[in-house]
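Trainee: Pasting a structure here, questions to come.
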Amino acid sequence: MNNFCEKTALACRALSDKGISFEKDAPLSMRTSFKIGGNADIAVFPETEAQLLAAVAALRGADVRFMLIGNGTNLLFSDKGYRGAVIITKKMRKISVDGNILSVLCGDSFTEAAVAAKDASLTGLEFAYGIPGSCGGAVCMNAGAYGGEVSGVLLDMRVLDTASGEVFTVSKADADFSYRHSVIRDFPNYAVISARFALRHGDKNEINAYMQDIMGRRRDKQPLEYPSAGSVFKRPAPDMYVGKMLEDLGLKGFTIGGAQVSQKHAGFIINVGGATASDVLALVDHIKKAVLAAYSVELECEICAVSEE
Ligand SMILES: Cc1cc2nc3c(=O)[nH]c(=O)nc-3n(C[C@H](O)[C@H](O)[C@H](O)COP(=O)(O)OP(=O)(O)OC[C@H]3O[C@@H](n4cnc5c(N)ncnc54)[C@H](O)[C@@H]3O)c2cc1C
């Protein structure tokens, strides 16, 4: 047994001892909305904050590399997978409402948080309806749509520094939010445990009508029938829409392997069947070169590509 396998085996024993569920050799294609990616050595499924802290301690104790993911809707894992452990937060769930404050755990669905806000007649989170990620992923990415953004409603978040084991609160003022960016992206060892959103009291019927309107617009404009990771690129400027730019360049339908620029919304790359991460990255490269040549604009990816090692 080599050193690498010994470390993985040690981590698995520690996770077992602590009663934390995990899976060995876990296919990441089944954990991501793109349906792409090789296997992770270990996928870990904490259900509570205590289990998350214990899982991190177990992996650090065994010197196994790890990362956190939520619903895998903004990720492109390598075809060779991930050497180490992927901590999947989806089982960490608890939404509660106190006055105008909505609290979530990192694994709660962002869409379900929007529904809970509506049920409590709270307005401000309608934009989250239909964003397919977890609340932890949404805070990390400062997810947004239709004029709303996490930065507009976050009160604060509890964060674990996975390097030191310290848990602390980060207020909105210290979250360093900008377009699809938060402080969490700058510190890969920071894990969002929970978050609180400050909302306003509103009319439940109006909130519901707005959410249904947003969902209708998503269904009309986005290729939801295909695996994807949403918009691939960030908008280069507030008034520049990548989908329109690619459409004008005639790139709709352009295909490499199983990866295709969506005919419905050119800002999306879809997996039309059997796409690999290499196909997607080659298509991304082709698009970037075409946009640079035509518009002198360097596109930046919104999706997070994760390498094997
Ligand atoms: C069809 C479709 C439509 C979409 N529409 C939108 C949209 O309208 N607006 C928008 O902003 N996005 C959109 N997205 C992208 C995506 O849903 C969001 O970025 C979402 O917030 C990602 O959440 P997630 O849980 O899936 O994160 P993941 O994809 O699992 O992870 C994304 C990043 O967050 C990190 N992360 C996840 N959880 C944590 C945590 N608890 N602590 C620290 N880091 C963490 C990961 O390490 C990774 O770097 C769309 C995607 C799809 C597939």
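Quick note on naming: the chains in the structure tokens go A, B, ... in the order shown, residues restart at 1 in each chain, and ligands are numbered from 1 in order of appearance.
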If you run DSSP on the backbone, which residues of region 110-145 of chain A are helix (DSSP H, G or I), as JSON, numbers by chain?

Mentor: {"A": [110, 111, 112, 113, 114, 115, 116, 117, 118, 119, 126, 127, 128, 135, 136, 137, 138, 139, 140, 141]}

Trainee: Output N, CA, C and O atoms of each residue in that selection to a file, as a PDB file, in the first residue's frame.

Mentor:
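Generated file (out.pdb):
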```pdb
ATOM      1  N   PHE A 110     -31.051  26.756  -1.811  1.00  0.00           N
ATOM      2  CA  PHE A 110     -31.293  28.208  -1.881  1.00  0.00           C
ATOM      3  C   PHE A 110     -32.740  28.467  -2.316  1.00  0.00           C
ATOM      4  O   PHE A 110     -33.383  29.401  -1.827  1.00  0.00           O
ATOM      5  N   THR A 111     -33.225  27.604  -3.207  1.00  0.00           N
ATOM      6  CA  THR A 111     -34.616  27.742  -3.657  1.00  0.00           C
ATOM      7  C   THR A 111     -35.587  27.475  -2.499  1.00  0.00           C
ATOM      8  O   THR A 111     -36.577  28.188  -2.322  1.00  0.00           O
ATOM      9  N   GLU A 112     -35.270  26.447  -1.668  1.00  0.00           N
ATOM     10  CA  GLU A 112     -36.146  26.168  -0.522  1.00  0.00           C
ATOM     11  C   GLU A 112     -36.104  27.309   0.492  1.00  0.00           C
ATOM     12  O   GLU A 112     -37.094  27.594   1.169  1.00  0.00           O
ATOM     13  N   ALA A 113     -34.961  27.995   0.594  1.00  0.00           N
ATOM     14  CA  ALA A 113     -34.880  29.163   1.481  1.00  0.00           C
ATOM     15  C   ALA A 113     -35.836  30.248   0.983  1.00  0.00           C
ATOM     16  O   ALA A 113     -36.522  30.905   1.779  1.00  0.00           O
ATOM     17  N   ALA A 114     -35.888  30.411  -0.353  1.00  0.00           N
ATOM     18  CA  ALA A 114     -36.800  31.417  -0.925  1.00  0.00           C
ATOM     19  C   ALA A 114     -38.260  31.044  -0.629  1.00  0.00           C
ATOM     20  O   ALA A 114     -39.081  31.911  -0.296  1.00  0.00           O
ATOM     21  N   VAL A 115     -38.558  29.753  -0.704  1.00  0.00           N
ATOM     22  CA  VAL A 115     -39.942  29.299  -0.428  1.00  0.00           C
ATOM     23  C   VAL A 115     -40.277  29.537   1.051  1.00  0.00           C
ATOM     24  O   VAL A 115     -41.377  30.003   1.383  1.00  0.00           O
ATOM     25  N   ALA A 116     -39.314  29.243   1.938  1.00  0.00           N
ATOM     26  CA  ALA A 116     -39.544  29.458   3.380  1.00  0.00           C
ATOM     27  C   ALA A 116     -39.772  30.937   3.670  1.00  0.00           C
ATOM     28  O   ALA A 116     -40.618  31.293   4.502  1.00  0.00           O
ATOM     29  N   ALA A 117     -39.032  31.800   2.978  1.00  0.00           N
ATOM     30  CA  ALA A 117     -39.217  33.250   3.168  1.00  0.00           C
ATOM     31  C   ALA A 117     -40.629  33.640   2.725  1.00  0.00           C
ATOM     32  O   ALA A 117     -41.342  34.360   3.438  1.00  0.00           O
ATOM     33  N   LYS A 118     -41.033  33.130   1.579  1.00  0.00           N
ATOM     34  CA  LYS A 118     -42.388  33.429   1.067  1.00  0.00           C
ATOM     35  C   LYS A 118     -43.448  32.939   2.064  1.00  0.00           C
ATOM     36  O   LYS A 118     -44.384  33.662   2.401  1.00  0.00           O
ATOM     37  N   ASP A 119     -43.273  31.708   2.569  1.00  0.00           N
ATOM     38  CA  ASP A 119     -44.251  31.148   3.512  1.00  0.00           C
ATOM     39  C   ASP A 119     -44.371  32.010   4.768  1.00  0.00           C
ATOM     40  O   ASP A 119     -45.420  32.041   5.413  1.00  0.00           O
ATOM     41  N   GLU A 126     -36.746  36.542  -3.198  1.00  0.00           N
ATOM     42  CA  GLU A 126     -37.426  35.966  -4.359  1.00  0.00           C
ATOM     43  C   GLU A 126     -36.434  35.591  -5.463  1.00  0.00           C
ATOM     44  O   GLU A 126     -36.616  34.609  -6.176  1.00  0.00           O
ATOM     45  N   PHE A 127     -35.386  36.391  -5.623  1.00  0.00           N
ATOM     46  CA  PHE A 127     -34.423  36.156  -6.709  1.00  0.00           C
ATOM     47  C   PHE A 127     -33.776  34.778  -6.631  1.00  0.00           C
ATOM     48  O   PHE A 127     -33.277  34.247  -7.625  1.00  0.00           O
ATOM     49  N   ALA A 128     -33.760  34.198  -5.413  1.00  0.00           N
ATOM     50  CA  ALA A 128     -33.099  32.898  -5.211  1.00  0.00           C
ATOM     51  C   ALA A 128     -33.911  31.743  -5.782  1.00  0.00           C
ATOM     52  O   ALA A 128     -33.379  30.643  -5.977  1.00  0.00           O
ATOM     53  N   CYS A 135     -27.296  26.930   0.024  1.00  0.00           N
ATOM     54  CA  CYS A 135     -27.109  28.269   0.601  1.00  0.00           C
ATOM     55  C   CYS A 135     -25.617  28.577   0.797  1.00  0.00           C
ATOM     56  O   CYS A 135     -25.182  29.708   0.586  1.00  0.00           O
ATOM     57  N   GLY A 136     -24.829  27.562   1.182  1.00  0.00           N
ATOM     58  CA  GLY A 136     -23.377  27.783   1.349  1.00  0.00           C
ATOM     59  C   GLY A 136     -22.734  28.169   0.037  1.00  0.00           C
ATOM     60  O   GLY A 136     -21.929  29.111  -0.029  1.00  0.00           O
ATOM     61  N   GLY A 137     -23.098  27.450  -1.038  1.00  0.00           N
ATOM     62  CA  GLY A 137     -22.566  27.762  -2.363  1.00  0.00           C
ATOM     63  C   GLY A 137     -23.011  29.143  -2.815  1.00  0.00           C
ATOM     64  O   GLY A 137     -22.244  29.902  -3.405  1.00  0.00           O
ATOM     65  N   ALA A 138     -24.258  29.493  -2.512  1.00  0.00           N
ATOM     66  CA  ALA A 138     -24.793  30.793  -2.928  1.00  0.00           C
ATOM     67  C   ALA A 138     -24.053  31.931  -2.231  1.00  0.00           C
ATOM     68  O   ALA A 138     -23.721  32.946  -2.854  1.00  0.00           O
ATOM     69  N   VAL A 139     -23.769  31.757  -0.938  1.00  0.00           N
ATOM     70  CA  VAL A 139     -23.050  32.810  -0.206  1.00  0.00           C
ATOM     71  C   VAL A 139     -21.628  32.918  -0.760  1.00  0.00           C
ATOM     72  O   VAL A 139     -21.122  34.021  -1.024  1.00  0.00           O
ATOM     73  N   CYS A 140     -20.982  31.766  -0.952  1.00  0.00           N
ATOM     74  CA  CYS A 140     -19.614  31.752  -1.471  1.00  0.00           C
ATOM     75  C   CYS A 140     -19.526  32.482  -2.802  1.00  0.00           C
ATOM     76  O   CYS A 140     -18.626  33.279  -3.035  1.00  0.00           O
ATOM     77  N   MET A 141     -20.515  32.208  -3.683  1.00  0.00           N
ATOM     78  CA  MET A 141     -20.480  32.767  -5.049  1.00  0.00           C
ATOM     79  C   MET A 141     -21.157  34.131  -5.147  1.00  0.00           C
ATOM     80  O   MET A 141     -21.225  34.704  -6.217  1.00  0.00           O
TER      81      MET A 141
END
```

Trainee: Could you name the residues that touch Lys288 (chain A) at 10 Å or less, counting only C-alpha atoms, but leaving out those on the same chain fewer than 3 positions away, as a list of chain:residue names?

Mentor: A:Phe233, A:Leu246, A:Ala282, A:Leu283, A:Val284, A:Asp285, A:Val291, A:Leu292, A:Ala293, A:Ala294, A:Val297, A:Glu298, A:Leu299, A:Glu300, A:Cys301

Trainee: Would you list the contacts of Arg65 (chain A) as a count of residues only, taking every protein, DNA or RNA residue within 9 Å and counting only C-alpha atoms, but skipping same-chain residues closer than 6 positions in sequence?

Mentor: 6

Trainee: Could you name the residues that touch Ala62 (chain A) at 9 Å or less, counting only C-alpha atoms, but leaving out those on the same chain fewer than 3 positions away, as JSON, numbers by chain?

Mentor: {"A": [6, 7, 8, 9, 10, 11, 14, 57, 58, 59]}

Trainee: Store the residues of this selection in a file with C-alpha atoms, as an mmCIF file, in the first residue's frame.

Mentor:
```
data_model
loop_
_atom_site.group_PDB
_atom_site.id
_atom_site.type_symbol
_atom_site.label_atom_id
_atom_site.label_comp_id
_atom_site.auth_asym_id
_atom_site.auth_seq_id
_atom_site.Cartn_x
_atom_site.Cartn_y
_atom_site.Cartn_z
ATOM 1 C CA GLU A 6 -2.551 4.731 3.650
ATOM 2 C CA LYS A 7 -3.667 8.301 4.233
ATOM 3 C CA THR A 8 -7.045 7.638 2.589
ATOM 4 C CA ALA A 9 -7.511 4.459 4.634
ATOM 5 C CA LEU A 10 -6.610 6.342 7.829
ATOM 6 C CA ALA A 11 -9.138 9.075 7.005
ATOM 7 C CA ALA A 14 -11.401 8.112 11.496
ATOM 8 C CA ALA A 57 -10.403 17.211 11.839
ATOM 9 C CA ALA A 58 -10.344 13.580 10.614
ATOM 10 C CA LEU A 59 -9.172 14.559 7.131
#
```

Trainee: At what distance in Å, to one decimal, does CA of Ile88 (chain A) lie from CA of Ala26 (chain A)?

Mentor: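 So the answer is 11.3 Å.
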
Trainee: Can I get the residues close to ligand 1 as a ChimeraX atom specification, where close means within 7 Å and we count only C-alpha atoms and all ligand atoms?

Mentor: /A:33,67-75,89,106-107,131-145,180,184-185,190-193,222,224,228-231,304

Trainee: Using only C-alpha atoms, pick whichever of A:Val183, A:Val64, A:Val150, A:Leu199 has the shortest atom-to-atom distance to Ala120 (chain A).

Mentor: A:Leu199
